[in-house]
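File shown here: input-v7.csv, holding CSV, C-alpha atoms and all ligand atoms.
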```csv
chain,number,residue,atom,x,y,z
A,24,MET,CA,83.5,78.9,163.5
A,25,ILE,CA,85.6,82.0,163.4
A,26,ASP,CA,85.1,84.3,166.5
A,27,ILE,CA,84.1,87.7,165.2
A,28,ASP,CA,82.6,90.6,167.2
A,29,PHE,CA,81.7,92.9,164.3
A,30,ASP,CA,80.7,95.8,166.5
A,31,LYS,CA,83.9,95.9,168.3
A,32,LEU,CA,86.0,95.3,165.3
A,33,ARG,CA,84.4,98.1,163.4
A,34,ARG,CA,85.8,100.4,166.1
A,35,ILE,CA,89.3,99.3,165.0
A,36,GLY,CA,88.6,99.8,161.3
A,37,LEU,CA,86.9,96.6,160.1
A,38,ALA,CA,85.2,97.5,156.8
A,39,GLN,CA,83.1,95.8,154.1
A,40,GLY,CA,86.0,94.9,151.9
A,41,ILE,CA,87.6,92.7,154.5
A,42,THR,CA,84.4,91.1,155.7
A,43,SER,CA,83.6,90.0,152.2
A,44,ARG,CA,87.1,88.6,151.8
A,45,LEU,CA,86.5,86.7,155.0
A,46,GLY,CA,83.4,85.1,153.5
A,47,GLU,CA,85.4,83.9,150.5
A,48,LEU,CA,88.0,82.0,152.5
A,49,ALA,CA,88.2,78.4,151.4
A,50,SER,CA,88.7,76.7,154.7
A,51,PRO,CA,89.2,79.1,157.7
A,52,VAL,CA,90.7,77.3,160.6
A,53,PRO,CA,88.0,76.7,163.3
A,54,GLY,CA,88.5,78.5,166.6
A,55,THR,CA,90.5,81.3,165.1
A,56,ARG,CA,89.8,84.9,166.0
A,57,LEU,CA,89.8,87.9,163.7
A,58,ALA,CA,92.2,90.6,164.8
A,59,ARG,CA,94.2,93.5,163.4
A,60,VAL,CA,97.9,94.0,163.4
A,61,THR,CA,98.7,97.1,165.4
A,62,GLU,CA,102.5,96.7,165.8
A,63,THR,CA,105.2,94.7,164.2
A,64,GLN,CA,108.6,93.8,165.7
A,65,ARG,CA,110.6,91.4,163.6
A,66,ASP,CA,108.6,88.2,164.0
A,67,VAL,CA,106.4,89.2,167.0
A,68,PHE,CA,103.2,91.0,166.3
A,69,THR,CA,100.8,92.9,168.5
A,70,LEU,CA,97.2,92.2,167.5
A,71,HIS,CA,94.0,93.8,168.6
A,72,ASP,CA,90.7,91.9,168.6
A,73,GLY,CA,88.5,94.9,169.4
A,74,THR,CA,88.8,94.3,173.2
A,75,HIS,CA,92.2,93.0,174.0
A,76,GLU,CA,95.7,93.2,172.8
A,77,LEU,CA,97.3,89.8,171.9
A,78,ARG,CA,101.0,89.0,171.2
A,79,ALA,CA,101.3,86.6,168.3
A,80,ARG,CA,103.8,84.9,166.0
A,81,ALA,CA,103.0,83.8,162.5
A,82,LEU,CA,102.9,80.2,161.5
A,83,ALA,CA,105.9,79.4,159.3
A,84,ARG,CA,103.7,78.6,156.3
A,85,VAL,CA,101.9,82.0,156.6
A,86,SER,CA,105.1,84.0,156.4
A,87,GLU,CA,106.6,81.7,153.7
A,88,VAL,CA,103.6,82.1,151.4
A,89,LEU,CA,103.7,85.9,151.9
A,90,GLN,CA,107.5,86.1,151.4
A,91,ALA,CA,107.2,84.2,148.2
A,92,ASP,CA,105.1,87.0,146.9
A,93,GLY,CA,107.4,89.8,148.2
A,94,ASP,CA,104.7,90.4,150.8
A,95,ALA,CA,104.8,90.5,154.6
A,96,LEU,CA,102.6,90.9,157.6
A,97,THR,CA,102.2,94.7,158.0
A,98,ILE,CA,100.5,97.1,160.4
A,99,GLY,CA,96.9,97.4,159.5
A,100,ASP,CA,96.6,93.8,158.3
A,101,TRP,CA,93.6,91.7,159.3
A,102,VAL,CA,94.5,88.1,160.5
A,103,LEU,CA,93.0,85.0,161.9
A,104,ALA,CA,94.8,84.0,165.1
A,105,ALA,CA,94.3,81.2,167.6
A,106,PRO,CA,95.9,80.5,171.0
A,107,GLY,CA,98.6,77.8,171.2
A,108,GLU,CA,99.4,75.6,174.1
A,109,HIS,CA,101.4,78.0,176.2
A,110,GLY,CA,99.2,81.2,175.9
A,111,GLN,CA,101.1,82.2,172.8
A,112,TRP,CA,98.9,83.2,169.9
A,113,TRP,CA,99.5,82.1,166.4
A,114,ILE,CA,98.6,83.8,163.1
A,115,HIS,CA,97.0,81.1,160.9
A,116,GLU,CA,95.9,83.3,158.0
A,117,ARG,CA,96.3,86.8,156.6
A,118,ILE,CA,93.3,88.3,154.9
A,119,ALA,CA,94.4,89.8,151.6
A,120,PRO,CA,94.5,93.6,152.2
A,121,VAL,CA,92.2,95.9,150.3
A,122,THR,CA,94.9,98.5,150.0
A,123,GLN,CA,98.6,98.3,150.7
A,124,ILE,CA,101.3,100.9,150.6
A,125,ALA,CA,104.8,99.5,149.8
A,126,ARG,CA,108.1,100.6,148.6
A,127,ARG,CA,111.1,99.1,146.8
A,128,ALA,CA,114.3,99.0,148.8
A,129,ASN,CA,117.5,99.9,147.0
A,130,ASP,CA,118.2,96.2,146.4
A,131,GLY,CA,114.8,95.9,144.7
A,132,ARG,CA,113.1,94.1,147.5
A,133,ARG,CA,109.5,95.1,148.3
A,134,GLN,CA,108.9,96.5,151.8
A,135,THR,CA,105.3,96.9,153.0
A,136,LEU,CA,104.5,100.0,155.0
A,137,ALA,CA,100.8,99.8,155.9
A,138,SER,CA,97.7,97.8,154.9
A,139,ASN,CA,94.0,98.6,154.7
A,140,VAL,CA,94.4,102.3,154.7
A,141,ASP,CA,91.8,104.7,153.5
A,142,THR,CA,93.7,108.0,153.6
A,143,ALA,CA,97.4,108.9,153.6
A,144,LEU,CA,98.3,112.1,155.4
A,145,LEU,CA,101.4,113.3,153.5
A,146,VAL,CA,103.2,115.3,156.0
A,147,MET,CA,105.7,118.0,155.1
A,148,GLY,CA,107.0,121.0,157.1
A,149,MET,CA,106.7,124.5,155.7
A,150,ASP,CA,110.3,125.0,156.6
A,151,ASN,CA,113.5,124.0,154.9
A,152,ASP,CA,112.1,120.5,154.2
A,153,PHE,CA,109.4,121.9,151.8
A,154,ASN,CA,109.7,120.4,148.4
A,155,LEU,CA,107.0,120.3,145.7
A,156,ARG,CA,108.5,117.5,143.6
A,157,ARG,CA,108.9,115.2,146.6
A,158,MET,CA,105.3,115.8,147.5
A,159,GLU,CA,104.2,115.0,144.0
A,160,ARG,CA,106.0,111.7,144.2
A,161,TYR,CA,104.3,110.9,147.5
A,162,ILE,CA,101.0,111.6,146.0
A,163,ALA,CA,101.6,109.4,142.9
A,164,ILE,CA,102.8,106.5,145.1
A,165,VAL,CA,99.8,106.5,147.4
A,166,LYS,CA,97.3,107.1,144.6
A,167,ALA,CA,98.7,104.2,142.7
A,168,ALA,CA,98.0,102.1,145.8
A,169,ASP,CA,94.3,103.3,145.7
A,170,VAL,CA,94.8,105.3,148.9
A,171,ALA,CA,93.4,108.9,149.0
A,172,PRO,CA,96.1,111.5,149.6
A,173,VAL,CA,95.7,114.6,151.9
A,174,VAL,CA,98.6,117.0,151.9
A,175,VAL,CA,99.3,118.2,155.4
A,176,LEU,CA,101.8,121.1,155.6
A,177,THR,CA,102.9,121.4,159.2
A,178,LYS,CA,104.7,124.2,161.1
A,179,ALA,CA,102.1,126.8,159.9
A,180,ASP,CA,103.0,128.7,163.0
A,181,ILE,CA,106.7,129.1,162.2
A,182,GLY,CA,107.1,128.2,158.5
A,183,ALA,CA,106.7,130.2,155.4
A,184,ARG,CA,103.0,130.7,154.7
A,185,GLU,CA,103.6,131.2,151.0
A,186,HIS,CA,104.5,127.5,150.7
A,187,TYR,CA,100.8,126.8,151.2
A,188,ARG,CA,99.9,128.9,148.2
A,189,GLU,CA,102.7,127.3,146.1
A,190,MET,CA,101.4,123.8,146.9
A,191,CYS,CA,97.8,124.7,146.1
A,192,ASP,CA,98.8,126.4,142.8
A,193,ARG,CA,100.9,123.4,141.8
A,194,LEU,CA,98.4,120.5,142.5
A,195,PRO,CA,95.1,119.8,140.9
A,196,ALA,CA,92.2,121.0,143.0
A,197,THR,CA,91.1,117.4,143.6
A,198,ILE,CA,93.9,117.0,146.2
A,199,PRO,CA,93.2,118.5,149.6
A,200,VAL,CA,96.0,120.7,151.0
A,201,LEU,CA,96.0,121.8,154.6
A,202,ALA,CA,98.3,124.1,156.5
A,203,VAL,CA,98.3,123.2,160.2
A,204,ASN,CA,100.2,123.8,163.4
A,205,GLY,CA,100.6,120.2,164.5
A,206,THR,CA,101.2,121.2,168.1
A,207,SER,CA,97.8,122.9,168.4
A,208,PRO,CA,94.5,121.2,169.1
A,209,SER,CA,93.0,123.2,166.2
A,210,ALA,CA,94.7,120.6,163.8
A,211,ARG,CA,92.1,118.1,165.0
A,212,LYS,CA,89.3,120.3,163.7
A,213,GLU,CA,91.0,120.9,160.4
A,214,LEU,CA,91.5,117.1,159.9
A,215,ALA,CA,88.1,116.2,161.2
A,216,PRO,CA,86.6,115.3,157.7
A,217,TRP,CA,89.1,112.4,157.4
A,218,LEU,CA,88.8,111.2,161.0
A,219,ALA,CA,85.4,109.5,160.8
A,220,PRO,CA,84.8,106.3,162.9
A,221,GLY,CA,86.2,103.2,161.2
A,222,CYS,CA,88.5,105.1,158.8
A,223,THR,CA,92.2,104.2,158.8
A,224,LEU,CA,94.9,106.8,158.1
A,225,VAL,CA,98.6,106.5,157.7
A,226,LEU,CA,101.0,109.4,158.2
A,227,LEU,CA,103.9,109.5,155.8
A,228,GLY,CA,106.7,111.9,155.4
A,229,ALA,CA,110.4,112.7,156.1
A,230,SER,CA,111.9,112.5,159.6
A,231,GLY,CA,111.2,115.7,161.4
A,232,ALA,CA,108.2,116.6,159.3
A,233,GLY,CA,106.0,116.5,162.3
A,234,LYS,CA,104.2,113.1,162.0
A,235,SER,CA,104.5,112.1,165.7
A,236,THR,CA,103.6,115.6,166.8
A,237,LEU,CA,100.5,115.5,164.7
A,238,THR,CA,99.6,111.9,165.7
A,239,ASN,CA,99.8,113.0,169.4
A,240,THR,CA,97.6,116.0,168.7
A,241,LEU,CA,95.0,113.9,166.9
A,242,LEU,CA,95.0,111.3,169.6
A,243,ALA,CA,94.6,113.5,172.6
A,244,SER,CA,91.1,113.6,174.0
A,245,ASP,CA,89.6,117.0,173.8
A,246,VAL,CA,88.4,117.3,177.3
A,247,GLN,CA,87.2,120.9,176.7
A,248,ASP,CA,85.2,119.9,173.7
A,249,THR,CA,83.4,116.9,175.0
A,250,GLY,CA,83.4,117.7,178.7
A,251,GLU,CA,84.4,114.1,179.2
A,252,VAL,CA,87.3,112.4,180.9
A,253,ARG,CA,88.7,109.2,179.3
A,254,ARG,CA,86.8,106.2,180.3
A,255,GLY,CA,87.8,102.5,180.7
A,256,ASP,CA,91.1,100.9,181.0
A,257,GLY,CA,92.4,102.2,177.7
A,258,ARG,CA,91.8,99.1,175.8
A,259,GLY,CA,89.4,98.8,172.8
A,260,GLN,CA,88.4,102.5,173.2
A,261,HIS,CA,91.9,103.7,173.1
A,262,THR,CA,94.7,101.4,172.0
A,263,THR,CA,97.1,103.5,173.9
A,264,THR,CA,99.5,100.6,174.5
A,265,ALA,CA,100.0,100.1,170.8
A,266,ARG,CA,102.7,102.2,169.3
A,267,SER,CA,102.0,102.0,165.6
A,268,LEU,CA,98.2,101.8,165.1
A,269,HIS,CA,96.3,104.0,167.5
A,270,LEU,CA,92.6,104.7,168.0
A,271,CYS,CA,91.7,108.3,167.8
A,272,GLU,CA,88.9,109.9,169.9
A,273,THR,CA,86.8,110.4,166.8
A,274,GLY,CA,86.9,106.6,166.1
A,275,ALA,CA,89.5,106.7,163.3
A,276,CYS,CA,92.6,104.5,163.4
A,277,ILE,CA,95.9,106.2,162.9
A,278,ILE,CA,99.2,104.6,161.8
A,279,ASP,CA,102.4,106.5,162.4
A,280,THR,CA,105.4,105.4,160.4
A,281,PRO,CA,109.1,106.0,160.7
A,282,GLY,CA,110.4,108.9,158.6
A,283,LEU,CA,110.8,108.2,154.9
A,284,ARG,CA,112.3,111.0,152.9
A,285,THR,CA,111.9,109.4,149.5
A,286,TRP,CA,111.0,106.0,148.5
A,287,ARG,CA,111.0,104.1,145.3
A,288,PRO,CA,107.5,103.4,144.2
A,289,ASP,CA,106.2,99.8,144.0
A,290,ALA,CA,104.1,100.5,141.0
A,291,ASP,CA,104.5,100.3,137.2
A,292,ALA,CA,104.9,103.4,135.0
A,293,GLN,CA,101.3,103.2,133.7
A,294,SER,CA,99.7,103.2,137.2
A,295,LEU,CA,101.9,106.0,138.3
A,296,ALA,CA,101.1,108.1,135.2
A,297,ALA,CA,97.4,107.5,135.8
A,298,THR,CA,97.6,109.2,139.2
A,299,TYR,CA,98.3,112.6,137.5
A,300,ASP,CA,94.7,113.6,137.0
A,301,ASP,CA,95.6,116.9,135.2
A,302,VAL,CA,98.0,115.3,132.7
A,303,GLN,CA,95.5,112.5,132.0
A,304,SER,CA,92.6,114.9,131.4
A,305,PHE,CA,94.5,117.2,129.0
A,306,ALA,CA,96.3,114.4,127.1
A,307,PRO,CA,93.4,113.6,124.9
A,308,LEU,CA,93.4,117.2,123.7
A,309,CYS,CA,96.9,117.1,122.4
A,310,ARG,CA,97.2,117.2,118.6
A,311,PHE,CA,99.1,113.9,118.5
A,312,ARG,CA,97.6,110.8,120.0
A,313,ASP,CA,101.0,109.5,121.2
A,314,CYS,CA,102.1,113.0,122.4
A,315,ARG,CA,104.9,112.7,125.0
A,316,HIS,CA,104.3,116.3,126.0
A,317,GLU,CA,108.0,117.0,125.5
A,318,GLY,CA,107.8,119.8,122.9
A,319,GLU,CA,105.4,118.5,120.2
A,320,PRO,CA,103.2,121.2,118.7
A,321,GLY,CA,99.6,121.5,119.8
A,322,CYS,CA,100.4,119.9,123.2
A,323,ALA,CA,97.4,120.6,125.6
A,324,VAL,CA,99.3,119.2,128.6
A,325,ARG,CA,102.2,121.6,128.3
A,326,GLU,CA,99.7,124.4,127.9
A,327,HIS,CA,97.8,123.7,131.1
A,328,VAL,CA,100.2,121.9,133.5
A,329,ALA,CA,103.0,123.8,135.3
A,330,GLN,CA,106.3,123.1,133.6
A,331,ASP,CA,108.2,121.8,136.6
A,332,ARG,CA,105.3,119.6,137.5
A,333,LEU,CA,105.4,118.1,134.0
A,334,VAL,CA,109.1,117.6,134.2
A,335,ASN,CA,108.7,115.8,137.5
A,336,PHE,CA,105.9,113.7,136.1
A,337,GLN,CA,108.1,112.6,133.1
A,338,LYS,CA,111.0,111.8,135.4
A,339,LEU,CA,108.8,109.6,137.7
A,340,VAL,CA,107.4,107.7,134.7
A,341,ARG,CA,110.8,107.3,133.1
A,342,ASP,CA,112.3,106.0,136.4
A,343,ALA,CA,109.5,103.5,136.7
A,344,GLU,CA,109.9,102.5,133.1
A,345,ARG,CA,113.6,102.0,133.5
A,346,VAL,CA,113.0,99.6,136.5
A,347,ASN,CA,110.5,97.6,134.5
A,348,LEU,CA,112.6,97.6,131.4
A,349,THR,CA,115.8,96.4,133.1
A,350,ALA,CA,113.9,93.4,134.4
A,351,LEU,CA,112.2,92.7,131.1
A,352,ASP,CA,115.4,93.5,129.1
A,353,ARG,CA,117.2,90.9,131.0
A,354,ILE,CA,114.7,88.2,130.1
A,355,GLN,CA,114.6,89.4,126.5
A,356,VAL,CA,118.4,89.3,126.2
A,357,ARG,CA,118.6,85.9,127.8
A,358,LYS,CA,115.9,84.6,125.3
A,359,LYS,CA,117.8,86.1,122.4
A,360,TRP,CA,121.0,84.5,123.4
A,361,LYS,CA,119.4,81.1,123.9
A,362,LYS,CA,117.8,81.4,120.5
A,363,LEU,CA,121.1,82.4,118.9
A,364,HIS,CA,122.9,79.6,120.7
A,365,LYS,CA,120.4,77.0,119.6
A,366,ALA,CA,120.5,78.2,116.0
A,367,GLY,CA,124.3,78.2,116.1
A,368,ALA,CA,124.3,74.6,117.4
A,369,ALA,CA,121.8,73.5,114.8
A,370,ARG,CA,123.9,75.0,112.0
A,371,THR,CA,127.0,73.2,113.3
A,372,ARG,CA,125.0,70.0,113.3
A,373,ASP,CA,123.7,70.6,109.8
A,374,LYS,CA,127.2,71.3,108.5
A,375,ARG,CA,128.6,68.1,110.0
A,376,GLY,CA,125.6,66.0,109.0
A,401,LIG,N1,106.2,125.0,165.8
A,401,LIG,C1,105.9,123.8,165.4
A,401,LIG,N2,106.7,122.7,165.6
A,401,LIG,C2,106.4,121.5,165.1
A,401,LIG,C3,105.2,121.3,164.3
A,401,LIG,N3,105.2,120.0,164.0
A,401,LIG,C4,106.3,119.4,164.5
A,401,LIG,N4,107.0,120.3,165.1
A,401,LIG,C5,108.3,120.1,165.8
A,401,LIG,O1,109.2,119.5,164.8
A,401,LIG,C6,110.0,118.5,165.4
A,401,LIG,C7,109.9,117.2,164.7
A,401,LIG,O2,108.6,116.7,164.9
A,401,LIG,P1,108.2,115.1,165.0
A,401,LIG,O3,106.8,115.1,165.2
A,401,LIG,O4,109.1,114.4,165.9
A,401,LIG,O5,108.6,114.7,163.5
A,401,LIG,P2,108.4,113.2,162.8
A,401,LIG,O6,107.9,113.4,161.5
A,401,LIG,O7,107.6,112.4,163.7
A,401,LIG,O8,109.9,112.7,162.8
A,401,LIG,P3,110.3,111.1,162.8
A,401,LIG,O9,109.7,110.5,164.0
A,401,LIG,O10,111.8,111.2,162.9
A,401,LIG,O11,109.9,110.5,161.5
A,401,LIG,C8,109.6,118.5,166.9
A,401,LIG,O12,110.6,119.3,167.6
A,401,LIG,C9,108.3,119.1,166.9
A,401,LIG,O13,108.0,119.7,168.1
A,401,LIG,C10,104.4,122.5,164.1
A,401,LIG,O14,103.3,122.4,163.4
A,401,LIG,N5,104.7,123.6,164.6
A,402,ZN,ZN,100.9,116.6,124.8
```

What is this file in structure tokens?
Amino acid sequence: MIDIDFDKLRRIGLAQGITSRLGELASPVPGTRLARVTETQRDVFTLHDGTHELRARALARVSEVLQADGDALTIGDWVLAAPGEHGQWWIHERIAPVTQIARRANDGRRQTLASNVDTALLVMGMDNDFNLRRMERYIAIVKAADVAPVVVLTKADIGAREHYREMCDRLPATIPVLAVNGTSPSARKELAPWLAPGCTLVLLGASGAGKSTLTNTLLASDVQDTGEVRRGDGRGQHTTTARSLHLCETGACIIDTPGLRTWRPDADAQSLAATYDDVQSFAPLCRFRDCRHEGEPGCAVREHVAQDRLVNFQKLVRDAERVNLTALDRIQVRKKWKKLHKAGAARTRDKRG
């Protein structure tokens, strides 16, 4: 039997996708408990089971299997854990995440950022840090991971308000854009539609963009609004002791991440291209079916999509293609050489024979 308290776990974001995966497990270890990873520190993990925080390590086979796939235990993951002999908890299984945001490090290794996330708050200041192209990259990366993007422009109180207009003009209307003062409680009201109970959000953006400020504002209990003072010991209701995955008053889970200015997408060119709704919807109207939207006549995409946005789109896709191609190319080249070598050896044999 696995120990699962659904009501309590729903409070820390347990959703249908994970429960059905749990039912599909071949042979779950008896006596294990379902819990969520709320903090990672090298090989020690903080888990939450809906009531308590647990400190755990992963069994070697769990980390090895994940590592072989370029995967790793990540904040937001759901795991099955059991106590060992000395009060130490062990992670016996990781439930395959429904969504996962990852990036490629410069050496090509995959780094996971957050698992089982519904919404990504893409945080950018309306100050010197403002950059339309970088925001478009963020959007493509999270959409390719099936996570819904919300653009949150911070420093509305001190930044250049026209940046808000620029962003709205640039992006398709399907992507929500907010301008907030992250230091003000009003930000909580503006973000309320994404803070429903059981939803998990991750904040992504460059260092100094205002992620931690916004997280703190979203986490603070609004005493004036509810007329209530925080209850309990801060566990379960408020995971105040956890640094990375926090429980918001509204019932949403919030993951704060370290600053990431740019990151290489962990997605192929095709899935990245598919995230540009506007390009995808106009492309069928181009005169040529294989239009690259690079100057062909009768191009509907060039007619409707802002030029700089299109240039950025093409760069993103080309970059992703190049990464794919180099890996593939290497295999192709190796195959070709092997073939030539074999043919050469066979010819030599024929001549001699
Ligand atoms: N006036 C104003 N200041 C803000 C706002 N958001 C953030 N700041 C300030 O900007 C600075 C950086 O904010 P942080 O929240 O630490 O930024 P961060 O994205 O968490 O940065 P890292 O933790 O390095 O990734 C702090 O001095 C904040 O007080 C805002 O909406 N208005
Ligand atoms: Zn075209």

Of the candidates A:Val324, A:Val346, A:Ala183, A:Leu82, which shows the shortest atom-to-atom distance to ligand LIG 401 (chain A), using only C-alpha atoms and all ligand atoms?
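Smallest separation from ligand LIG 401 (chain A) among the options: A:Ala183.
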
Identify which of the residues A:Pro172, A:Pro51, A:Gly282, A:Gly228 lies closest to Asn154 (chain A), counting only C-alpha atoms when measuring atom-to-atom distances.
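Counting only C-alpha atoms, the residue closest to Asn154 (chain A) is A:Gly228.
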
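Of the listed residues A:Glu108, A:Gln293, A:Asp141, A:Pro281, the one whose atoms come nearest to ligand LIG 401 (chain A) is A:Pro281, with distances taken using only C-alpha atoms and all ligand atoms.
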
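Comparing the minimum interatomic distances between ligand LIG 401 (chain A) and each of A:Ala232, A:Cys322, A:Ala296, A:Ala243, counting only C-alpha atoms and all ligand atoms, we find that A:Ala232 sits nearest.
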
Set the cut-off to 9 Å, count only C-alpha atoms and all ligand atoms, and list whatever residues fall near ligand ZN 402 (chain A) as a PyMOL selection string.
chain A and resi 302+305-326

I'd like a table as CSV: residues in chain A with an atom no more than 7 Å from ligand LIG 401 (chain A), each row giving the shortest atom pair and its distance in Å to one decimal, only C-alpha atoms and all ligand atoms counted, sorted by chain and rising residue number.
```
residue,atom,partner,partner_atom,distance
A:Thr177,CA,A:LIG401,O14,4.3
A:Lys178,CA,A:LIG401,O14,3.2
A:Ala179,CA,A:LIG401,O14,5.7
A:Asp180,CA,A:LIG401,N5,5.6
A:Ile181,CA,A:LIG401,N1,5.5
A:Val203,CA,A:LIG401,O14,6.0
A:Asn204,CA,A:LIG401,O14,3.4
A:Gly205,CA,A:LIG401,O14,3.7
A:Thr206,CA,A:LIG401,C10,5.3
A:Gly228,CA,A:LIG401,O6,6.4
A:Ala229,CA,A:LIG401,O11,5.9
A:Ser230,CA,A:LIG401,O11,3.4
A:Gly231,CA,A:LIG401,O5,3.5
A:Ala232,CA,A:LIG401,O6,3.9
A:Gly233,CA,A:LIG401,O3,3.3
A:Lys234,CA,A:LIG401,O6,3.7
A:Ser235,CA,A:LIG401,O7,3.7
A:Thr236,CA,A:LIG401,O3,3.6
A:Leu237,CA,A:LIG401,O3,6.3
A:Thr280,CA,A:LIG401,O11,6.9
A:Pro281,CA,A:LIG401,O11,4.6
A:Gly282,CA,A:LIG401,O11,3.3
```

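When CA of Arg117 (chain A) is paired with CA of Leu144 (chain A), their separation reads 25.4 Å.
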
Would you kindly return, as a list in words, each protein, DNA or RNA residue with an atom no farther than 12 Å from any atom of Asn239 (chain A), considering all atoms listed in the file and excluding same-chain residues fewer than 5 positions away?
Gly205, Thr206, Ser207, Pro208, Ala210, Arg211, Leu226, Gly233, Lys234, Ser244, Asp245, Thr263, Arg266, Ser267, His269, Leu270, Cys271, Glu272, Ile277, Ile278 and Asp279 of chain A

Could you tell me which of A:Ala215, A:Met190, A:Leu155, A:Val200 comes closest to Val175 (chain A) if we count all atoms listed in the file?
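When distances to Val175 (chain A) are compared using all atoms listed in the file, the smallest one comes from A:Val200.
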
Within 8 Å of region 83-87 of chain A, counting all atoms listed in the file, which residues show up once you throw out same-chain ones fewer than 6 positions away? Write them as a list in words, please.
Ala95, Leu96, Ile114, His115, Glu116 and Arg117 of chain A

For each of A:Ala343, A:Thr122, A:Leu218, A:Arg33, take the minimum atom-to-atom distance to Val170 (chain A), counting only C-alpha atoms, then give the residue where this is smallest.
A:Thr122

Find the residues around Leu32 (chain A) up to 10 Å (all atoms listed in the file counted), leave out those fewer than 4 positions away in its own chain, and share them as an MDAnalysis selection string.
chainID A and resid 27:28 36:38 57:59 71:74 221 259

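Between CA of Leu227 (chain A) and CA of Gln123 (chain A) the separation is 13.4 Å.
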
Non-local contacts of region 127-129 of chain A (6 Å; all atoms listed in the file; under 2 positions in same chain excluded) as a list of chain:residue names:
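Surrounding residues, per the criterion: A:Gly131, A:Arg132, A:Arg133, A:Arg287, A:Asp289.
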
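One finds CA of Trp286 (chain A) at 12.2 Å from CA of Asp342 (chain A).
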